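query_2.cif follows (mmCIF, C-alpha atoms):
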data_model
#
loop_
_atom_site.label_atom_id
_atom_site.label_comp_id
_atom_site.auth_asym_id
_atom_site.auth_seq_id
_atom_site.Cartn_x
_atom_site.Cartn_y
_atom_site.Cartn_z
CA MET A 590 15.90 26.88 25.81
CA ALA A 591 16.20 28.54 29.19
CA LYS A 592 19.47 30.23 30.04
CA VAL A 593 20.62 29.82 33.65
CA ILE A 594 22.61 32.78 34.97
CA VAL A 595 24.16 32.80 38.43
CA VAL A 596 24.92 36.06 40.20
CA THR A 597 27.76 35.20 42.53
CA SER A 598 30.76 36.74 44.32
CA GLY A 599 32.13 34.72 47.21
CA LYS A 600 32.21 37.77 49.46
CA GLY A 601 29.04 39.04 51.10
CA GLY A 602 27.65 42.53 50.82
CA VAL A 603 29.02 43.36 47.39
CA GLY A 604 25.62 43.66 45.70
CA LYS A 605 24.56 40.18 44.51
CA THR A 606 20.90 40.57 45.44
CA THR A 607 20.72 44.18 44.22
CA SER A 608 22.28 43.04 40.93
CA SER A 609 20.06 39.94 40.60
CA ALA A 610 16.96 42.09 41.12
CA ALA A 611 18.14 44.75 38.67
CA ILE A 612 19.32 42.38 35.95
CA GLY A 613 16.32 40.05 36.24
CA THR A 614 13.99 43.03 35.99
CA GLY A 615 15.99 44.39 33.05
CA LEU A 616 15.70 41.11 31.14
CA ALA A 617 11.93 41.04 31.74
CA ILE A 618 11.61 44.63 30.52
CA LYS A 619 13.39 43.52 27.34
CA GLY A 620 10.53 41.06 26.87
CA PHE A 621 12.16 37.83 28.08
CA LYS A 622 10.15 35.64 30.41
CA THR A 623 12.39 35.73 33.47
CA VAL A 624 12.48 34.26 36.96
CA ILE A 625 14.83 35.26 39.77
CA ILE A 626 15.52 32.51 42.34
CA ASP A 627 16.80 33.33 45.84
CA PHE A 628 19.32 30.61 46.78
CA ASP A 629 20.15 32.18 50.15
CA ILE A 630 18.33 29.62 52.30
CA GLY A 631 17.78 30.91 55.83
CA LEU A 632 18.62 34.50 54.90
CA ARG A 633 15.90 35.37 52.40
CA ASN A 634 16.25 38.94 51.12
CA LEU A 635 15.45 39.05 47.42
CA ASP A 636 11.76 39.41 48.37
CA LEU A 637 12.53 42.65 50.25
CA ILE A 638 14.63 44.10 47.44
CA MET A 639 11.86 43.25 44.95
CA GLY A 640 9.17 44.59 47.29
CA CYS A 641 7.15 41.38 47.43
CA GLU A 642 7.97 40.27 50.99
CA ARG A 643 4.32 40.27 52.05
CA ARG A 644 3.26 38.04 49.20
CA VAL A 645 5.52 35.09 50.08
CA VAL A 646 3.45 32.01 50.88
CA TYR A 647 5.47 29.06 49.64
CA ASP A 648 9.17 29.00 48.83
CA PHE A 649 11.94 27.23 46.90
CA VAL A 650 12.42 24.51 49.54
CA ASN A 651 8.66 23.81 49.70
CA VAL A 652 8.75 23.16 45.95
CA ILE A 653 11.79 20.88 46.18
CA LYS A 654 10.19 18.90 49.00
CA GLY A 655 6.93 18.60 47.06
CA GLU A 656 4.96 20.59 49.66
CA ALA A 657 3.89 23.14 47.04
CA THR A 658 3.74 23.36 43.28
CA LEU A 659 5.99 25.73 41.36
CA ASN A 660 2.96 27.84 40.43
CA GLN A 661 1.99 28.23 44.06
CA ALA A 662 5.46 29.39 45.04
CA LEU A 663 6.21 31.72 42.11
CA ILE A 664 5.39 35.37 42.81
CA LYS A 665 4.47 37.39 39.73
CA ASP A 666 6.05 40.83 39.86
CA LYS A 667 3.41 43.57 39.97
CA ARG A 668 5.44 46.22 38.13
CA THR A 669 7.11 44.25 35.38
CA PRO A 670 5.27 41.77 33.17
CA ASN A 671 7.20 38.56 32.29
CA LEU A 672 8.92 38.59 35.70
CA SER A 673 8.53 36.12 38.58
CA ILE A 674 10.37 35.62 41.85
CA LEU A 675 10.99 32.33 43.64
CA PRO A 676 11.76 33.19 47.27
CA ALA A 677 14.21 31.31 49.49
CA SER A 678 12.93 29.56 52.56
CA GLN A 679 13.74 30.79 56.06
CA THR A 680 14.52 27.28 57.32
CA ARG A 681 17.73 26.73 59.22
CA ASP A 682 18.26 23.38 57.55
CA LYS A 683 21.45 24.01 55.56
CA ASP A 684 21.04 20.89 53.46
CA ALA A 685 17.57 21.79 52.25
CA LEU A 686 18.96 22.13 48.72
CA ASN A 687 20.24 19.19 46.73
CA LYS A 688 21.30 18.84 43.11
CA GLU A 689 18.40 16.59 42.10
CA GLY A 690 15.82 18.92 43.64
CA VAL A 691 17.33 22.06 42.10
CA GLN A 692 17.66 20.34 38.72
CA LYS A 693 13.97 19.40 38.80
CA VAL A 694 12.88 22.96 39.60
CA LEU A 695 15.09 24.40 36.83
CA ASP A 696 13.73 21.86 34.33
CA ASP A 697 10.15 22.69 35.31
CA LEU A 698 10.83 26.43 34.96
CA ALA A 699 12.26 25.86 31.48
CA GLU A 700 9.21 23.75 30.66
CA ALA A 701 6.97 26.59 31.84
CA GLY A 702 8.56 28.79 29.19
CA PHE A 703 11.01 30.86 31.21
CA GLU A 704 13.83 32.11 28.98
CA TYR A 705 16.13 33.45 31.70
CA ILE A 706 16.61 31.90 35.14
CA VAL A 707 18.63 34.24 37.36
CA CYS A 708 20.08 32.50 40.43
CA ASP A 709 20.88 34.86 43.30
CA SER A 710 23.70 33.08 45.13
CA PRO A 711 24.39 33.31 48.86
CA ALA A 712 27.83 34.51 49.99
CA GLY A 713 30.51 31.98 50.81
CA ILE A 714 31.61 28.80 49.08
CA GLU A 715 29.39 26.28 50.85
CA THR A 716 26.44 24.17 49.67
CA GLY A 717 24.09 27.07 48.89
CA ALA A 718 26.65 28.88 46.75
CA ILE A 719 27.65 25.65 44.97
CA MET A 720 23.98 24.81 44.26
CA ALA A 721 23.43 28.29 42.82
CA LEU A 722 26.36 28.00 40.40
CA TYR A 723 26.20 24.28 39.63
CA PHE A 724 23.71 24.44 36.75
CA ALA A 725 24.79 27.84 35.41
CA ASP A 726 25.34 28.54 31.73
CA GLU A 727 26.66 32.00 32.52
CA ALA A 728 28.00 33.63 35.66
CA ILE A 729 27.91 37.26 36.68
CA VAL A 730 30.76 37.69 39.14
CA THR A 731 29.87 40.70 41.27
CA THR A 732 32.97 42.45 42.59
CA ASN A 733 33.78 45.62 44.52
CA PRO A 734 37.04 47.43 43.69
CA GLU A 735 38.52 46.28 46.99
CA VAL A 736 41.13 43.62 47.83
CA SER A 737 39.03 41.05 49.70
CA SER A 738 36.24 41.14 47.14
CA VAL A 739 38.62 40.70 44.19
CA ARG A 740 40.38 37.79 45.89
CA ASP A 741 37.07 36.06 46.68
CA SER A 742 35.88 36.58 43.12
CA ASP A 743 38.96 34.79 41.89
CA ARG A 744 38.13 31.88 44.23
CA ILE A 745 34.62 31.74 42.78
CA LEU A 746 36.04 31.72 39.25
CA GLY A 747 38.04 28.68 40.33
CA MET A 748 34.83 27.02 41.57
CA LEU A 749 33.04 27.74 38.31
CA ALA A 750 35.91 26.12 36.45
CA SER A 751 35.94 22.99 38.62
CA LYS A 752 32.68 22.51 40.54
CA SER A 753 30.00 23.43 37.98
CA GLN A 754 28.07 20.82 36.04
CA ARG A 755 29.61 22.12 32.82
CA ALA A 756 33.08 21.52 34.29
CA GLU A 757 32.20 18.07 35.65
CA GLN A 758 30.72 16.94 32.36
CA GLY A 759 33.53 18.44 30.30
CA LYS A 760 31.15 20.72 28.42
CA GLU A 761 31.84 24.23 27.20
CA PRO A 762 32.83 26.21 30.33
CA VAL A 763 30.46 28.58 32.13
CA LYS A 764 30.53 31.97 30.40
CA GLU A 765 31.98 34.45 32.88
CA HIS A 766 31.12 38.14 33.21
CA LEU A 767 32.58 40.73 35.56
CA LEU A 768 30.18 43.18 37.16
CA LEU A 769 32.08 45.86 39.07
CA THR A 770 29.83 47.50 41.67
CA ARG A 771 30.20 50.46 44.06
CA TYR A 772 32.70 52.06 41.71
CA ASN A 773 33.84 55.57 42.57
CA PRO A 774 35.69 57.28 39.69
CA GLU A 775 36.80 60.21 41.87
CA ARG A 776 38.58 57.89 44.28
CA VAL A 777 40.12 55.99 41.37
CA THR A 778 41.53 59.26 39.99
CA ARG A 779 42.94 60.06 43.42
CA GLY A 780 44.66 56.68 43.42
CA ASP A 781 42.92 55.21 46.42
CA MET A 782 40.59 52.79 44.67
CA LEU A 783 41.39 49.97 42.24
CA SER A 784 40.44 50.99 38.69
CA VAL A 785 38.38 48.98 36.19
CA GLU A 786 41.64 48.15 34.40
CA ASP A 787 43.32 46.98 37.63
CA VAL A 788 40.49 44.54 38.41
CA LEU A 789 40.34 43.35 34.79
CA ASP A 790 44.13 42.77 34.87
CA ILE A 791 43.79 40.51 37.89
CA LEU A 792 40.58 38.60 37.15
CA ALA A 793 40.97 38.51 33.35
CA ILE A 794 37.30 37.96 32.46
CA PRO A 795 35.12 40.08 30.15
CA LEU A 796 33.51 43.19 31.66
CA LEU A 797 29.71 43.20 31.73
CA GLY A 798 29.15 46.44 33.58
CA VAL A 799 30.43 49.05 35.99
CA ILE A 800 27.88 50.27 38.52
CA PRO A 801 28.84 53.55 40.18
CA GLU A 802 28.47 53.91 43.92
CA SER A 803 25.17 55.70 44.14
CA PRO A 804 22.62 56.86 46.73
CA ALA A 805 19.97 55.50 44.34
CA VAL A 806 20.80 51.91 45.36
CA LEU A 807 19.88 52.42 49.02
CA LYS A 808 16.80 54.44 48.05
CA ALA A 809 15.70 51.61 45.79
CA SER A 810 16.14 48.94 48.46
CA ASN A 811 14.38 51.17 51.02
CA SER A 812 11.32 51.24 48.82
CA GLY A 813 11.54 47.67 47.50
CA SER A 814 11.91 48.63 43.88
CA PRO A 815 14.86 47.35 41.80
CA VAL A 816 17.27 50.20 41.07
CA ILE A 817 17.13 49.58 37.31
CA LEU A 818 13.61 51.08 37.36
CA ASP A 819 15.12 54.38 38.55
CA THR A 820 16.08 55.63 35.11
CA GLU A 821 17.00 59.02 36.53
CA SER A 822 19.93 57.48 38.41
CA ASP A 823 23.42 56.64 37.21
CA ALA A 824 23.25 53.18 38.86
CA GLY A 825 19.91 52.40 37.20
CA LEU A 826 21.23 53.38 33.78
CA ALA A 827 24.45 51.42 34.33
CA TYR A 828 22.43 48.29 35.11
CA GLY A 829 20.38 48.92 31.96
CA ASP A 830 23.62 48.98 29.95
CA ALA A 831 24.78 45.75 31.62
CA VAL A 832 21.54 44.00 30.63
CA ASP A 833 21.99 45.17 27.03
CA ARG A 834 25.51 43.71 27.00
CA LEU A 835 24.25 40.48 28.57
CA ILE A 836 21.91 39.90 25.62
CA GLY A 837 24.72 40.64 23.20
CA GLU A 838 24.40 44.31 22.39
CA LYS A 839 27.46 46.52 22.21
CA VAL A 840 27.14 49.45 24.57
CA GLU A 841 29.70 52.10 25.44
CA PHE A 842 30.72 52.17 29.13
CA ARG A 843 29.58 55.20 31.11
CA PHE A 844 30.12 56.52 34.64
CA ILE A 845 33.70 55.23 34.79
CA GLU A 846 35.33 58.62 34.29
CA GLU A 847 35.32 61.40 36.83
CA GLU A 848 32.73 64.05 36.04
CA LYS A 849 34.45 66.98 34.42
CA LYS A 850 34.37 70.03 36.61
CA SER A 851 34.62 73.59 35.38
CA LEU A 852 37.88 75.43 35.93
CA LEU A 853 36.28 77.62 38.60
CA ARG A 854 34.99 74.63 40.58
CA ARG A 855 38.33 72.96 40.18
CA LEU A 856 40.12 75.96 41.69
CA PHE A 857 37.72 76.87 44.44
CA GLY A 858 36.25 73.50 45.29
CA GLY A 859 32.62 72.49 45.39
CA MET B 918 39.10 69.57 44.59
CA SER B 919 40.28 73.01 45.57
CA LEU B 920 43.51 74.69 44.53
CA LEU B 921 45.28 73.64 47.71
CA ASP B 922 44.19 70.02 47.34
CA TYR B 923 45.47 70.08 43.80
CA PHE B 924 49.05 70.42 45.01
CA ARG B 925 48.63 68.34 48.13
CA SER B 926 47.15 65.29 46.51
CA LYS B 927 50.29 64.60 44.50
CA LYS B 928 52.20 63.78 47.65
CA THR B 929 49.78 61.28 49.18
CA THR B 930 50.52 57.63 48.60
CA GLN B 931 48.56 55.82 45.94
CA THR B 932 47.20 52.89 47.90
CA ALA B 933 45.36 51.49 44.89
CA GLN B 934 48.73 50.59 43.38
CA THR B 935 49.72 48.76 46.57
CA ALA B 936 46.38 46.92 46.54
CA LYS B 937 46.91 45.83 42.95
CA GLU B 938 50.42 44.53 43.60
CA ARG B 939 49.35 42.61 46.71
CA LEU B 940 46.41 41.10 44.85
CA GLN B 941 48.51 40.03 41.89
CA ILE B 942 50.85 38.12 44.17
CA ILE B 943 48.21 36.40 46.34
CA VAL B 944 45.92 35.56 43.43
CA ALA B 945 48.78 34.02 41.43
CA HIS B 946 49.80 32.01 44.48
CA GLU B 947 46.25 30.77 45.14
CA ARG B 948 45.69 29.88 41.49
CA GLY B 949 48.79 27.71 41.69
CA GLN B 950 47.27 25.79 44.58
CA ARG B 951 43.77 25.66 43.12
CA ASN B 952 44.13 22.28 41.50
CA SER B 953 46.27 20.67 44.15
CA PRO B 954 44.66 17.72 45.92
CA ASP B 955 43.43 18.04 49.51
CA TYR B 956 45.95 15.47 50.75
CA LEU B 957 48.96 17.60 49.75
CA PRO B 958 49.50 19.34 53.14
CA ALA B 959 49.23 16.02 55.03
CA MET B 960 51.61 14.33 52.59
CA LYS B 961 54.06 17.20 52.98
CA GLN B 962 53.98 16.75 56.75
CA ASP B 963 54.62 13.00 56.42
CA ILE B 964 57.58 13.61 54.11
CA ILE B 965 59.04 16.10 56.58
CA ASP B 966 58.60 13.60 59.44
CA VAL B 967 60.46 10.91 57.54
CA ILE B 968 63.37 13.21 56.68
CA ARG B 969 63.52 14.43 60.29
CA ARG B 970 64.29 10.90 61.44
CA TYR B 971 67.65 11.26 59.72
CA VAL B 972 68.35 15.00 59.35
CA PRO B 973 67.28 17.90 61.58
CA ILE B 974 65.25 20.24 59.34
CA ASP B 975 62.50 22.81 59.75
CA SER B 976 59.24 22.58 57.86
CA ASP B 977 60.02 25.80 55.98
CA GLN B 978 63.08 24.11 54.49
CA VAL B 979 60.85 21.88 52.44
CA THR B 980 58.73 22.97 49.51
CA VAL B 981 56.30 20.57 47.90
CA ASN B 982 54.73 21.49 44.58
CA LEU B 983 52.35 19.58 42.42
CA ASP B 984 52.33 20.79 38.85
CA ASN B 985 49.59 19.61 36.50
CA LYS B 986 51.30 19.77 33.13
CA ASN B 987 48.35 18.32 31.27
CA ASP B 988 45.59 15.76 31.68
CA ASN B 989 47.84 12.75 32.10
CA LEU B 990 51.04 14.23 33.49
CA SER B 991 51.53 15.68 36.96
CA VAL B 992 54.92 16.50 38.38
CA LEU B 993 55.53 16.31 42.11
CA GLU B 994 58.40 18.62 42.89
CA LEU B 995 60.17 18.26 46.22
CA ASN B 996 62.77 20.80 47.28
CA ILE B 997 64.59 20.18 50.55
CA THR B 998 67.29 22.45 51.86
CA LEU B 999 69.57 20.28 53.96
CA PRO B 1000 71.45 22.03 56.78
CA ASP B 1001 75.21 22.60 56.45
CA ASP B 1002 77.22 19.70 57.80
CA LYS B 1003 79.49 21.38 60.34
CA ARG B 1004 81.00 18.27 61.92
#

Can you present the structure in this file as C-alpha cells?
Amino acid sequence: MAKVIVVTSGKGGVGKTTSSAAIGTGLAIKGFKTVIIDFDIGLRNLDLIMGCERRVVYDFVNVIKGEATLNQALIKDKRTPNLSILPASQTRDKDALNKEGVQKVLDDLAEAGFEYIVCDSPAGIETGAIMALYFADEAIVTTNPEVSSVRDSDRILGMLASKSQRAEQGKEPVKEHLLLTRYNPERVTRGDMLSVEDVLDILAIPLLGVIPESPAVLKASNSGSPVILDTESDAGLAYGDAVDRLIGEKVEFRFIEEEKKSLLRRLFGG
Amino acid sequence: MSLLDYFRSKKTTQTAQTAKERLQIIVAHERGQRNSPDYLPAMKQDIIDVIRRYVPIDSDQVTVNLDNKNDNLSVLELNITLPDDKR
C-alpha cells in the first residue's frame, strides 16, 4: 500500500521543496518506487530543484481535469531509477485542486505501484496546503530554529490534528516528524539560535533529522540536483540519515554539535 | 573564536533563551484557542454589549474561555470584572 507523506511547514522559505526533493530521491535510492508531487499551484518550483524544468509538458491540474493521463504528466527522473515527479501547474486558478481530484490521482498512483507519495506543500494554510496534507499518512514538519517558523509549525500541527482526513474520519492520527533545517551549531553554542532541544521542547514531536546550514544546498539548487546526491556534503549526509529514520532505521544524529577546534585555533581564531 | 572573543562572549545576551520563552508563551496561548469555534469573538462582543447596557465596562474587563473537557462536555467560562461602585 502506498504511503502518503506531506512535507509541510506553514512558513515559506524554510526548505520544504529542498527537503521533498532530497527525501523523495533518498527513498527511491533505497529502492522504493517513489513519486514527488508539487502542490504549489501557480508557483511551480520542484521541477527546478529536481532539474527537470524543461521536460514539463503536462501537470497535476491537467491530470485532475482529465486533460492528460497520469503517465503523460509524470516525469521519470534521469538520475535515480524508481523516481518520478508530478509538476504543479502554473495556472492562477487557486481552486484548481479539489479533494475528489487529488484523491483520484493518489489512488491511481498507488494502483501504478508507487510505494511512497511525497507531497510538497505550498506555504500558508490555504487550500493548496490543506490539499497537500489532507490525505497524508505521515507529515514531515520542516522548521527553522527561528521564532516565526516554530510558531507556524505549531499551527500546521494543529491543522494535521483537525483538518486531515485521518482526523475527520477519526482514524489513527497522522504520524508527525520534525525536520529541523538550516541548523547552525556554532550559533547555538553562542546562545543566539534555538537548539534542537529547545524546538523539541516546544513542538513535542519526534525528531526525524537535523540539516545543518550548508553552502551545498544552494549549490545543489543552482545545478538542479537534489542535495542528497551530494554525499560529500554535511547536508546531503544529514538528509540520507533522515531517510533512513523515515523507513524505521535507528541512526545516530550528526552535525548537531559544534566542530571541535584545536586549542591553537581556539586561542588564535581561524 | 579567538582568545579575546572567549572572554567577551560570556557577557553578550543569550537571545535564544528569550526566543524560547516567548515561543512557549505564545504557542501555549494559541493551542488553547485552537479548538475554539469561530463564533467565539463575535459572541464575546455581544455579551459585552449586553452588559454595557447596564454597567460601564471595557472589553478588556471581560474574559471568555471555552474549555473542551472531553467529547461531550465543554465549559464556557465568563469572567467579568465589574467596576467599583463609588456612589

Run the PyMOL selection byres ((chain A and resi 607) around 9) mentally over the shown coordinates, then write out the matched residues as a PyMOL selection string, using the chain letters and numbers from the document. chain A and resi 603-606+608-612+635+638-639+806+810+815-816

Restricted to C-alpha atoms, what would the selected residues look like written as a PDB file, in the frame of the given file?
ATOM      1  CA  VAL A 603      29.020  43.360  47.390  1.00  0.00           C
ATOM      2  CA  GLY A 604      25.620  43.660  45.700  1.00  0.00           C
ATOM      3  CA  LYS A 605      24.560  40.180  44.510  1.00  0.00           C
ATOM      4  CA  THR A 606      20.900  40.570  45.440  1.00  0.00           C
ATOM      5  CA  SER A 608      22.280  43.040  40.930  1.00  0.00           C
ATOM      6  CA  SER A 609      20.060  39.940  40.600  1.00  0.00           C
ATOM      7  CA  ALA A 610      16.960  42.090  41.120  1.00  0.00           C
ATOM      8  CA  ALA A 611      18.140  44.750  38.670  1.00  0.00           C
ATOM      9  CA  ILE A 612      19.320  42.380  35.950  1.00  0.00           C
ATOM     10  CA  LEU A 635      15.450  39.050  47.420  1.00  0.00           C
ATOM     11  CA  ILE A 638      14.630  44.100  47.440  1.00  0.00           C
ATOM     12  CA  MET A 639      11.860  43.250  44.950  1.00  0.00           C
ATOM     13  CA  VAL A 806      20.800  51.910  45.360  1.00  0.00           C
ATOM     14  CA  SER A 810      16.140  48.940  48.460  1.00  0.00           C
ATOM     15  CA  PRO A 815      14.860  47.350  41.800  1.00  0.00           C
ATOM     16  CA  VAL A 816      17.270  50.200  41.070  1.00  0.00           C
TER      17      VAL A 816
END

Step by step, work through what the PyMOL selection byres ((chain A and resi 619-634) around 6) selects in the shown file, and finish by giving those residues as a list in words.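 Applied to this file, the PyMOL selection byres ((chain A and resi 619-634) around 6) returns Leu616, Ala617, Ile618, Leu635, Asp636, Leu637, Asn671, Leu672, Ser673, Ile674, Leu675, Pro676, Ala677, Ser678, Gln679, Thr680, Arg681, Phe703, Glu704, Tyr705, Ile706, Val707, Cys708, Asp709, Ser710 and Pro711 of chain A.
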
Between CA of Leu999 in chain B and CA of Val979 in chain B lies a distance of 9.0 Å

For range 955-968 of chain B, please output as a list in words all residues within 12 Å (counting only C-alpha atoms; exclusion window: fewer than 5 positions along the same chain).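 Once the adjacent positions are removed, what remains is Gln950, Pro973, Ile974, Asp975, Ser976, Asp977, Gln978, Val979, Thr980, Val981, Asn982, Leu983, Asp984, Leu993, Glu994, Leu995, Asn996, Ile997, Thr998, Leu999 and Pro1000 of chain B.
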
Between CA of Glu656 in chain A and CA of Leu686 in chain A lies a distance of 14.1 Å

A:Asp726, A:Glu700, A:Glu689, A:Glu846: which is nearest Glu765 in chain A, counting all atoms listed in the file?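 Residue with the minimum atom-to-atom distance to Glu765 in chain A: A:Asp726.
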
Restricting the calculation to all atoms listed in the file, which member of A:Ala831, A:Met748, A:Leu767, A:Leu698 is positioned closest to Asn952 in chain B?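 Closest candidate: A:Met748.
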
Find, counting all atoms listed in the file, the residue in B:Ile942, B:Ala936, B:Val972, B:Leu990 that gets nearest to chain A.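 Nearest to chain A: B:Ala936.
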
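Minimum distance to chain B across A:Asp696, A:Glu735, A:Glu841, A:Asp830 (counting all atoms listed in the file) occurs at A:Glu735.
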
Selection dump of the PyMOL selection byres ((chain B and resi 940) around 9), as a list in words: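 Checked against the file, the PyMOL selection byres ((chain B and resi 940) around 9) matches Val736, Ser737, Val739, Arg740 and Ile791 of chain A; Thr935, Ala936, Lys937, Glu938, Arg939, Gln941, Ile942, Ile943, Val944 and Ala945 of chain B.
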
In Å, with one decimal, what is the gap from CA of Ser814 in chain A to CA of Gly640 in chain A? 6.0 Å

Contacts of Arg755 in chain A within 12 Å, only C-alpha atoms, excl. fewer than 2 positions in-chain, as a PDB file with C-alpha atoms, in the coordinates of the input:
ATOM      1  CA  VAL A 593      20.620  29.820  33.650  1.00  0.00           C
ATOM      2  CA  LEU A 722      26.360  28.000  40.400  1.00  0.00           C
ATOM      3  CA  TYR A 723      26.200  24.280  39.630  1.00  0.00           C
ATOM      4  CA  PHE A 724      23.710  24.440  36.750  1.00  0.00           C
ATOM      5  CA  ALA A 725      24.790  27.840  35.410  1.00  0.00           C
ATOM      6  CA  ASP A 726      25.340  28.540  31.730  1.00  0.00           C
ATOM      7  CA  GLU A 727      26.660  32.000  32.520  1.00  0.00           C
ATOM      8  CA  ALA A 728      28.000  33.630  35.660  1.00  0.00           C
ATOM      9  CA  MET A 748      34.830  27.020  41.570  1.00  0.00           C
ATOM     10  CA  LEU A 749      33.040  27.740  38.310  1.00  0.00           C
ATOM     11  CA  ALA A 750      35.910  26.120  36.450  1.00  0.00           C
ATOM     12  CA  SER A 751      35.940  22.990  38.620  1.00  0.00           C
ATOM     13  CA  LYS A 752      32.680  22.510  40.540  1.00  0.00           C
ATOM     14  CA  SER A 753      30.000  23.430  37.980  1.00  0.00           C
ATOM     15  CA  GLU A 757      32.200  18.070  35.650  1.00  0.00           C
ATOM     16  CA  GLN A 758      30.720  16.940  32.360  1.00  0.00           C
ATOM     17  CA  GLY A 759      33.530  18.440  30.300  1.00  0.00           C
ATOM     18  CA  LYS A 760      31.150  20.720  28.420  1.00  0.00           C
ATOM     19  CA  GLU A 761      31.840  24.230  27.200  1.00  0.00           C
ATOM     20  CA  PRO A 762      32.830  26.210  30.330  1.00  0.00           C
ATOM     21  CA  VAL A 763      30.460  28.580  32.130  1.00  0.00           C
ATOM     22  CA  LYS A 764      30.530  31.970  30.400  1.00  0.00           C
TER      23      LYS A 764
END

Which of A:Val777, A:Ala718, A:Leu797, A:Ile664 sits closest to chain B [using all atoms listed in the file]: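 The answer is A:Val777, which sits nearest to chain B.
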
Report, as AutoDock Vina command-line options, the axis-aligned box around all atoms of range 950-954 of chain B present in the file, extended by 5 Å on each side; give centre and edge lengths in Å to one decimal place.
--center_x 45.5 --center_y 21.8 --center_z 43.7 --size_x 13.5 --size_y 18.1 --size_z 14.4

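Proximity ranking of A:Thr597, A:Thr778, A:Asn773, A:Ser822 relative to Thr732 in chain A places A:Thr597 first, based on only C-alpha atoms.
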
Mind filling out range 963-974 of chain B with N, CA and C atoms and sending it as a PDB file, in the coordinates of the input?
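Contents of part.pdb, freshly written:
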ATOM      1  N   ASP B 963      54.058  14.350  56.314  1.00  0.00           N
ATOM      2  CA  ASP B 963      54.620  13.000  56.420  1.00  0.00           C
ATOM      3  C   ASP B 963      56.037  12.954  55.869  1.00  0.00           C
ATOM      4  N   ILE B 964      56.243  13.600  54.722  1.00  0.00           N
ATOM      5  CA  ILE B 964      57.580  13.610  54.110  1.00  0.00           C
ATOM      6  C   ILE B 964      58.576  14.272  55.055  1.00  0.00           C
ATOM      7  N   ILE B 965      58.155  15.406  55.645  1.00  0.00           N
ATOM      8  CA  ILE B 965      59.040  16.100  56.580  1.00  0.00           C
ATOM      9  C   ILE B 965      59.379  15.205  57.770  1.00  0.00           C
ATOM     10  N   ASP B 966      58.369  14.488  58.287  1.00  0.00           N
ATOM     11  CA  ASP B 966      58.600  13.600  59.440  1.00  0.00           C
ATOM     12  C   ASP B 966      59.618  12.512  59.125  1.00  0.00           C
ATOM     13  N   VAL B 967      59.514  11.957  57.939  1.00  0.00           N
ATOM     14  CA  VAL B 967      60.460  10.910  57.540  1.00  0.00           C
ATOM     15  C   VAL B 967      61.879  11.470  57.463  1.00  0.00           C
ATOM     16  N   ILE B 968      62.042  12.627  56.821  1.00  0.00           N
ATOM     17  CA  ILE B 968      63.370  13.210  56.680  1.00  0.00           C
ATOM     18  C   ILE B 968      63.951  13.565  58.054  1.00  0.00           C
ATOM     19  N   ARG B 969      63.066  14.030  58.953  1.00  0.00           N
ATOM     20  CA  ARG B 969      63.520  14.430  60.290  1.00  0.00           C
ATOM     21  C   ARG B 969      64.111  13.261  61.082  1.00  0.00           C
ATOM     22  N   ARG B 970      63.724  12.067  60.753  1.00  0.00           N
ATOM     23  CA  ARG B 970      64.290  10.900  61.440  1.00  0.00           C
ATOM     24  C   ARG B 970      65.779  10.801  61.192  1.00  0.00           C
ATOM     25  N   TYR B 971      66.232  11.377  60.088  1.00  0.00           N
ATOM     26  CA  TYR B 971      67.650  11.260  59.720  1.00  0.00           C
ATOM     27  C   TYR B 971      68.385  12.589  59.801  1.00  0.00           C
ATOM     28  N   VAL B 972      67.703  13.697  59.402  1.00  0.00           N
ATOM     29  CA  VAL B 972      68.350  15.000  59.350  1.00  0.00           C
ATOM     30  C   VAL B 972      67.472  16.011  60.096  1.00  0.00           C
ATOM     31  N   PRO B 973      68.097  16.876  60.919  1.00  0.00           N
ATOM     32  CA  PRO B 973      67.280  17.900  61.580  1.00  0.00           C
ATOM     33  C   PRO B 973      66.930  19.035  60.598  1.00  0.00           C
ATOM     34  N   ILE B 974      65.660  19.148  60.241  1.00  0.00           N
ATOM     35  CA  ILE B 974      65.250  20.240  59.340  1.00  0.00           C
ATOM     36  C   ILE B 974      63.980  20.906  59.875  1.00  0.00           C
TER      37      ILE B 974
END
